[in-house]
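A quick write-up on the structure given underneath.
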Amino acid sequence: MVEISGNLRLKQRYTPPQIGVAQPPTDVPFWVLHTASPDVRADGMVQSFKGSLTDISHLKWIEHLHVHDAEVALRDKKRQEEFIDITSHEMRNPLSAITQCADSVILSYEDAKSTMDNKSLIEIIKLNAEAAESILLCAAHQRRIIDDILTLGKLDSELLTICPLAFYPFDLLDHAAQMFKTEFEVQDIDAKRSVDETSPLTVTSTVLGDSSRLMQILVNLLTNAIKFTKTRRIRSIMMRFGSSTQPPSADLFGADFKWHSTGIARPDMTQDMDYGQGEEVYLYFAIVDSGSGVPAESQSIVFAKFEQAERRTHTKYGGSGLGLYISRELAELQGGQIGMSSEYGVGSTFAFYTKARMSVVQKAARTGLSSSTATVTSVGTPFTRPPLPDLKSSISPPSARYSILLVEDNLLNQRVLAKQLTRSGCTVHVCSNGGEAIDTVLTLHNQSIEFDTPPSTQEVATHFDCILMDWEMPICDGLRATKRIREIEKQLGCTPNVIIGVTANARAGQIAMAMEAGMDTVVPKPFRVQEILTVISGMVG
């Protein structure tokens with residue numbers, strides 16, 4: 001007797017039970033388990049068949065749910081690792097410049113002692129001022145990343161609160177402009193401010209709202225605008241402010257402007273007692289830049305968590321993919337919206353508005369930098385500085401005369417490290433991406449091997465003792481560049497270059513990838529100049 005069985009998928013659709021968990025995104029069909037067996041007589045003839053049908057739709061649905069949950073968990077794990085890598089890279093990168101600038105300031109004491117020339121002393125002071133300026137820029141960058149991460153944690157835990165206080169709305173643009181004044185000057189960006197004439201508020205008007213959250217959104221938008229504008233031929237940023245008694249329409253910011261809402265219903269915070277009983281008012285801000293713009297197909301995802309316009313955005317421009325996501329949450333929590341319009345290769349407009357109430361308080365808090373800074377005055381026993389020669393001996397880089405090819409896309413890190421290496425006696429040649437490094441190696445060996453990037457016009461040394469290779473770079477990253485250089489060396493049969501990876505990607509798996517690509521060793525950021533010279537000495541020797 002032969003028994004047959006199997007599963008049948010029916011056209012009927014199965015309705016899963018409502019169990020309070022996320023349902024799989026796909027529709028689930030109705031499934032049955034069928035079994036059949038013959039009833040055989042003594043003479044071997046089949047007298048009849050008997051069978052059964054069993055509903056197994058719930059089992060299939062649970063199986064489908066488990067597969068779906070596993071896929072979501074793997075995707076979330078991958079995104080979490082990518083976020084950790086990006087955050088680590090963004091945090092470590094400025095540390096190198098901070099460390100090296102601090103070393104430069106300390107070493108200037110010895111330089112000042114060895115010269116009596118006023119012009120030389122002025123030059124030393126100027127270099128120290130530039131180093132201090134670089135430290136402040138790096139510190140501001142790190143603070144933005146930390147603020148974004150802390151805000152994200154509060155949003156995910158539903159612990160973020162809106163604290164309304166009286167403030168002057170007209171102050172916000174002034175303070176935002178002041179915060180970024182140095183970056184505007186360093187990047188040669190033409191930054192302007194404008195106030196809509198139709199605004200019912202005046203310079204002396206005060207409102208009740210959370211000015212710190214408004215400033216956080218402004219900082220995120222200005223950071224992005226600077227990031228995507230600083231490499232353009234035309235560099236301009238317009239900061240616009242206005243107010244209205246009704247929510248501003250999208251048309252106010254351009255014909256193609258659209259709001260990007262989460263669609264989540266939020267409570268009206270202005271109904272709380274903390275907001276008082278003043279008239280309702282809407283504050284709106286717009287940041288218009290001449291940056292690279294966002295491709296049309298990517299504009300729908302830029303406000304999503306951990307998302308950026310393109311895969312290469314982080315490599316080329318940096319960032320964590322959190323700023324716009326957080327900005328949208330903060331705008332909607334305060335009864336507003338955020339949106340954008342952009343033309344790829346031309347520029348972007350990002351605008352948002354929030355809801356507030358007019359304040360009847362005569363004196364409001366002046367928002368911005370002054371609320372978070374303090375002056376410390378030394379009182380009492382005079383401060384005694386530790387002896388500088390001892391400190392200098394602990395950080396003074398050894399004298400070295402290596403010829404080094406420095407491959408680093410971050411111009412600030414590139415400039416600081418090149419200056420420190422040159423000061424130590426090294427001859428330094430710089431490249432801003434892996435493509436330029438490959439080109440330089442080819443030019444060095446005077447070969448006509450086909451390559452993608454145009455030849456560099458930079459003068460090339462006759463020999464490089466070491467190549468310091470960054471990892472995350474535009475056009476061609478450090479891993480691809482290292483692999484190509486190793487291929488060139490193999491084709492030419494020449495002595496391999498010493499390639500040291502200099503990167504903020506410091507996980508064990510990433511270091512293994514670097515070694516597999518052909519790097520001789522990896523030095524994670526941040527590092528001090530004498531540390532990298534010690535490594536070079538060991539590798540070259």
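Identifiers in this document derive from the order of the structure tokens: chains are assigned A, B, ..., residues are numbered from 1 separately in each chain, and ligands are numbered from 1 in order of occurrence.
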Show which residues sit within 7 Å of stretch 283-294 of chain A, as a PyMOL selection string. Count only C-alpha atoms, and ignore same-chain residues fewer than 6 positions away.
-> chain A and resi 221-222+225+228-229+232+234-244+309+342-355
Near A:Pro496, counting only C-alpha atoms, which residues have an atom at most 9 Å away, once you skip same-chain residues fewer than 3 positions from it, shown as a list in words?
->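 So, after excluding close chain neighbours, the residues are Ile485, Arg486, Glu489, Lys490, Gly493 and Ile499 of chain A.
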What does the file look like for those residues with C-alpha atoms, as a PDB file, in the first residue's frame?
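Written out: out.pdb:
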ATOM      1  CA  ILE A 485      49.796  49.773  -6.713  1.00  0.00           C
ATOM      2  CA  ARG A 486      50.687  46.172  -5.840  1.00  0.00           C
ATOM      3  CA  GLU A 489      54.787  46.721  -8.759  1.00  0.00           C
ATOM      4  CA  LYS A 490      54.271  43.117  -9.857  1.00  0.00           C
ATOM      5  CA  GLY A 493      59.116  43.726 -11.112  1.00  0.00           C
ATOM      6  CA  ILE A 499      52.385  51.123   2.380  1.00  0.00           C
TER       7      ILE A 499
END
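Among the candidates A:Ile149, A:Ile122, A:Leu165, A:Met273, the residue lying nearest to A:Tyr325 is A:Ile149 (atoms considered: only C-alpha atoms).
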Using DSSP on the backbone, list every residue of stretch 9-216 of chain A that comes out as alpha helix (DSSP H), and give them as number ranges by chain.
-> A: 57-113, 118-156, 169-179, 181-186, 211-216
In Å, rounded to a single decimal, give me how far atom CA of A:Gln47 is from atom CA of A:Gly6.
->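 That distance, rounded to one decimal, is 22.6 Å.
Of the listed residues (A:Phe527, A:Met515, A:Cys431, A:Leu468), A:Leu468 comes nearest to A:Ile500; the distances count only C-alpha atoms.
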Name all residues at most 10 Å from A:Thr202 (count only C-alpha atoms; drop same-chain ones fewer than 4 positions away) and give them as a VMD selection string.
-> chain A and resid 168 to 170 197 206 243
